[in-house]
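Engineer: TSV, C-alpha atoms, file protein.tsv:
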```
chain	number	residue	atom	x	y	z
A	9	MET	CA	-8.47	171.34	163.00
A	10	GLY	CA	-10.69	172.01	166.02
A	11	PHE	CA	-14.16	170.81	166.91
A	12	LEU	CA	-17.07	171.94	164.81
A	13	PRO	CA	-19.47	174.19	166.72
A	14	ARG	CA	-22.87	172.80	167.54
A	15	GLU	CA	-25.97	174.80	166.85
A	16	PRO	CA	-28.27	175.12	169.86
A	17	GLY	CA	-30.73	172.26	169.70
A	18	GLY	CA	-29.06	171.03	166.53
A	19	ALA	CA	-27.39	167.76	165.71
A	20	GLY	CA	-24.28	167.51	167.83
A	21	ALA	CA	-22.42	164.36	168.71
A	22	CYS	CA	-25.74	162.74	169.58
A	23	GLY	CA	-27.48	163.33	166.28
A	24	GLY	CA	-29.90	165.90	167.66
A	25	LEU	CA	-31.28	163.91	170.58
A	26	THR	CA	-32.90	166.40	172.94
A	27	GLY	CA	-30.70	167.33	175.87
A	28	CYS	CA	-27.42	166.35	174.24
A	29	ALA	CA	-26.22	169.78	173.16
A	30	SER	CA	-23.37	171.31	175.13
A	31	PRO	CA	-24.44	173.80	177.76
A	32	PRO	CA	-24.09	177.47	176.77
A	33	GLY	CA	-20.96	179.35	177.76
A	34	PRO	CA	-17.24	178.78	177.29
A	35	GLY	CA	-16.52	175.51	175.61
A	36	ALA	CA	-19.98	175.31	174.05
A	37	ALA	CA	-18.31	174.90	170.68
A	38	GLY	CA	-18.12	171.19	171.31
A	39	ALA	CA	-15.06	170.81	173.53
A	40	THR	CA	-16.83	167.90	175.23
A	41	SER	CA	-17.78	166.13	172.01
A	42	ARG	CA	-15.10	163.52	172.69
A	43	ARG	CA	-17.31	162.32	175.56
A	44	LEU	CA	-20.54	162.62	173.58
A	45	CYS	CA	-23.40	162.88	176.07
A	46	ALA	CA	-21.59	161.76	179.20
A	47	GLY	CA	-20.24	164.22	181.67
A	48	GLY	CA	-20.41	167.71	180.21
A	49	ALA	CA	-23.81	167.49	178.57
A	50	PRO	CA	-26.94	167.82	180.66
A	51	SER	CA	-29.19	164.87	181.30
A	52	LEU	CA	-32.82	164.91	180.33
A	53	SER	CA	-35.37	166.61	182.52
A	54	TYR	CA	-38.76	165.11	183.27
A	55	GLN	CA	-40.40	167.28	180.59
A	56	GLN	CA	-37.72	166.49	177.97
A	57	LEU	CA	-38.20	162.77	178.59
A	58	LYS	CA	-41.97	163.14	178.44
A	59	ASP	CA	-41.65	164.95	175.08
A	60	LEU	CA	-39.15	162.39	173.74
A	61	LYS	CA	-41.50	159.54	174.61
A	62	LYS	CA	-43.89	160.92	171.96
A	63	THR	CA	-41.22	160.02	169.37
A	64	SER	CA	-39.62	156.70	168.53
A	65	VAL	CA	-37.06	156.79	171.35
A	66	LEU	CA	-36.30	153.50	173.12
A	67	HIS	CA	-36.42	154.00	176.90
A	68	ILE	CA	-34.49	151.37	178.87
A	69	ASP	CA	-34.86	151.16	182.65
A	70	VAL	CA	-31.74	149.47	184.03
A	71	ARG	CA	-33.09	148.76	187.53
A	72	GLU	CA	-33.38	145.19	188.76
A	73	ARG	CA	-36.60	143.30	187.98
A	74	TRP	CA	-37.57	143.15	191.67
A	75	GLU	CA	-37.41	146.96	191.82
A	76	ILE	CA	-39.84	147.23	188.91
A	77	ASP	CA	-42.13	144.58	190.46
A	78	ARG	CA	-42.12	146.38	193.81
A	79	SER	CA	-42.33	150.02	192.72
A	80	GLY	CA	-43.61	150.11	189.13
A	81	LYS	CA	-42.01	151.71	186.11
A	82	ILE	CA	-42.06	154.73	183.86
A	83	PRO	CA	-44.69	154.09	181.16
A	84	ALA	CA	-43.43	152.72	177.82
A	85	SER	CA	-40.01	151.82	179.22
A	86	ILE	CA	-38.50	148.37	178.92
A	87	ASN	CA	-36.52	146.72	181.69
A	88	ILE	CA	-33.01	145.49	181.00
A	89	PRO	CA	-31.10	145.25	184.31
A	90	LEU	CA	-27.68	146.91	184.18
A	91	GLY	CA	-25.93	143.56	184.59
A	92	GLU	CA	-27.56	142.31	181.36
A	93	LEU	CA	-27.21	145.49	179.32
A	94	VAL	CA	-23.90	144.92	177.52
A	95	GLU	CA	-25.00	141.43	176.47
A	96	ALA	CA	-28.45	142.69	175.43
A	97	LEU	CA	-27.04	145.49	173.25
A	98	GLN	CA	-24.94	142.92	171.39
A	99	MET	CA	-27.69	140.33	170.88
A	100	ASP	CA	-29.02	139.09	167.61
A	101	PRO	CA	-32.04	141.33	166.82
A	102	THR	CA	-34.40	138.32	166.79
A	103	GLU	CA	-33.24	137.20	170.23
A	104	PHE	CA	-33.55	140.78	171.56
A	105	LYS	CA	-37.13	141.00	170.26
A	106	GLU	CA	-38.03	137.63	171.83
A	107	ARG	CA	-36.48	138.47	175.18
A	108	TYR	CA	-37.54	142.10	175.59
A	109	ASN	CA	-40.59	142.31	173.29
A	110	GLN	CA	-39.03	145.31	171.58
A	111	LYS	CA	-37.13	145.98	168.36
A	112	MET	CA	-33.37	145.89	168.84
A	113	PRO	CA	-32.01	149.45	168.63
A	114	SER	CA	-29.43	150.20	165.97
A	115	LYS	CA	-26.34	152.16	166.96
A	116	SER	CA	-27.89	155.31	165.49
A	117	ASP	CA	-31.33	154.95	167.13
A	118	PRO	CA	-32.18	157.30	170.00
A	119	VAL	CA	-32.01	155.49	173.34
A	120	VAL	CA	-32.62	156.87	176.84
A	121	PHE	CA	-31.49	155.09	180.01
A	122	SER	CA	-32.99	155.53	183.46
A	123	CYS	CA	-32.72	153.87	186.85
A	124	LEU	CA	-33.77	154.88	190.35
A	125	ALA	CA	-31.73	158.06	190.78
A	126	GLY	CA	-29.10	158.34	188.02
A	127	THR	CA	-26.09	156.27	189.07
A	128	ARG	CA	-26.81	153.12	187.06
A	129	SER	CA	-28.20	155.04	184.06
A	130	LYS	CA	-24.89	156.94	183.84
A	131	GLN	CA	-23.05	153.59	183.79
A	132	ALA	CA	-25.48	152.32	181.13
A	133	LEU	CA	-24.76	155.41	179.04
A	134	GLY	CA	-21.04	154.66	179.20
A	135	PHE	CA	-21.56	151.01	178.26
A	136	ALA	CA	-23.73	151.92	175.27
A	137	MET	CA	-21.28	154.55	174.03
A	138	SER	CA	-18.39	152.08	174.33
A	139	LEU	CA	-20.39	149.72	172.08
A	140	GLY	CA	-20.78	152.46	169.45
A	141	PHE	CA	-24.27	153.77	170.22
A	142	ASN	CA	-24.16	157.46	169.36
A	143	ARG	CA	-27.63	158.84	170.18
A	144	VAL	CA	-27.86	157.88	173.82
A	145	GLN	CA	-28.86	159.97	176.83
A	146	GLN	CA	-29.85	159.45	180.44
A	147	TYR	CA	-32.72	160.60	182.59
A	148	ALA	CA	-30.60	161.20	185.68
A	149	GLY	CA	-33.58	162.03	187.90
A	150	GLY	CA	-34.75	158.50	187.28
A	151	PHE	CA	-37.78	156.82	188.74
A	152	GLU	CA	-37.55	158.93	191.91
A	153	ASP	CA	-37.99	162.13	189.87
A	154	TRP	CA	-40.68	160.67	187.59
A	155	ILE	CA	-42.99	159.74	190.47
A	156	LYS	CA	-42.84	163.32	191.77
A	157	HIS	CA	-44.64	164.29	188.54
A	158	GLU	CA	-46.96	161.38	187.85
A	159	PRO	CA	-47.82	157.92	189.13
A	160	PRO	CA	-45.84	154.91	187.89
A	161	GLU	CA	-47.18	152.18	185.63
A	162	THR	CA	-47.71	148.93	187.53
A	163	LYS	CA	-47.67	145.42	186.12
```
For the structure just supplied, provide its representation as structure tokens.
Structural biologist:
Amino acid sequence: MGFLPREPGGAGACGGLTGCASPPGPGAAGATSRRLCAGGAPSLSYQQLKDLKKTSVLHIDVRERWEIDRSGKIPASINIPLGELVEALQMDPTEFKERYNQKMPSKSDPVVFSCLAGTRSKQALGFAMSLGFNRVQQYAGGFEDWIKHEPPETK
């Protein structure tokens, strides 16, 4: 049998995480559900991310620590450099909490990845999906887009 259609704004392959629904038009019945949020689904806009941050979403910035130190970060995001991400997402929850001062996300928790301009966050999305995380999304505009709207948080 074919793919089940997704209702606009409803729970698709990403469990209803904003921005994960297929774009309208041909194929909107979920033809891209095999890829979940990567590729065919749109990434989050600045406003969608801002709205999501009012919920319990975990926002992970995958830039290097020196980039955060030099430029600042998006408020309420945690930094896990891309090179550490796969290991971090497989850590013992206690170790994750100690290292990142944040509760370890479960595979069904909403998680958003960002970087400077979208390349590394797209890789992070793929890594997380390969580990079984099913409510993940990226903010492809990244830090560059965020600072067009508001100033960064500095340490």
Engineer: Considering only C-alpha atoms, return as an mmCIF file with C-alpha atoms, in the frame of the given file whatever protein or nucleic-acid residues lie within 10 Å of Ala84 in chain A, sequence-local ones (same chain, fewer than 3 positions apart) excluded.
Structural biologist:
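Wrote it out as part_24.cif, contents follow:
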```
data_model
loop_
_atom_site.group_PDB
_atom_site.id
_atom_site.type_symbol
_atom_site.label_atom_id
_atom_site.label_comp_id
_atom_site.auth_asym_id
_atom_site.auth_seq_id
_atom_site.Cartn_x
_atom_site.Cartn_y
_atom_site.Cartn_z
ATOM 1 C CA LYS A 61 -41.500 159.540 174.610
ATOM 2 C CA VAL A 65 -37.060 156.790 171.350
ATOM 3 C CA LEU A 66 -36.300 153.500 173.120
ATOM 4 C CA HIS A 67 -36.420 154.000 176.900
ATOM 5 C CA ILE A 68 -34.490 151.370 178.870
ATOM 6 C CA ASP A 69 -34.860 151.160 182.650
ATOM 7 C CA LYS A 81 -42.010 151.710 186.110
ATOM 8 C CA ASN A 87 -36.520 146.720 181.690
ATOM 9 C CA GLU A 161 -47.180 152.180 185.630
#
```
Engineer: Suppose you want the space between CA of Val94 in chain A and CA of Gly126 in chain A; what is it in Å?
Structural biologist: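 Those two atoms sit 17.8 Å apart.
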Engineer: Could you check which residues have any atom within 10 Å of (-29.5, 162.6, 186.6), counting only C-alpha atoms with coordinates taken straight from the file, and then list them as a ChimeraX atom specification?
Structural biologist: /A:50-53,122-130,146-150,153
Engineer: Using all atoms of range 82-89 of chain A listed in the file and a margin of 8 Å per side, can you give the axis-aligned box centre and edge lengths in Å to one decimal, as AutoDock Vina command-line options?
Structural biologist:
```
--center_x -37.9 --center_y 150.0 --center_z 181.1 --size_x 29.6 --size_y 25.5 --size_z 22.5
```
Engineer: Hey, can you check how far CA of Met137 in chain A sits from CA of Gln98 in chain A?
Structural biologist: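 Separation between CA of Met137 in chain A and CA of Gln98 in chain A: 12.5 Å.
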Engineer: Using only C-alpha atoms, which of A:Glu72, A:Gly91, A:Arg143, A:Tyr108 sits nearest Val120 in chain A?
Structural biologist: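 Among the listed residues, A:Arg143 lies closest to Val120 in chain A.
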Engineer: Check the smallest atom-to-atom distance from each of A:Gln131, A:Glu106, A:Asp59, A:Lys115 to Pro89 in chain A using all atoms listed in the file, then report the winner.
Structural biologist: A:Gln131
Engineer: Could you tell me how far CA of Gln110 in chain A sits from CA of Gly80 in chain A, in Å to one decimal place?
Structural biologist: 18.8 Å
Engineer: From the set A:Ala96, A:Ile82, A:Leu57, A:Ile155, which residue has the shortest atom-to-atom contact distance to Phe135 in chain A, counting all atoms listed in the file?
Structural biologist: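 Looking at the shortest contact to Phe135 in chain A, the residue is A:Ala96.
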Engineer: Could you check which of A:Glu103, A:Pro113, A:Leu97, A:Lys156 is closest to Ser138 in chain A, using only C-alpha atoms?
Structural biologist: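 The closest residue to Ser138 in chain A is A:Leu97.
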Engineer: Determine the nearest neighbour of Gly134 in chain A from the options A:Lys111, A:Leu90, A:Ser85, A:His157, counting only C-alpha atoms.
Structural biologist: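 Under the stated criterion, the closest residue is A:Leu90.
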Engineer: From the set A:Gln56, A:Ser114, A:Thr162, A:Asn109, which residue has the shortest atom-to-atom contact distance to Phe141 in chain A, counting all atoms listed in the file?
Structural biologist: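 Between A:Gln56, A:Ser114, A:Thr162, A:Asn109, the residue approaching Phe141 in chain A most closely is A:Ser114.
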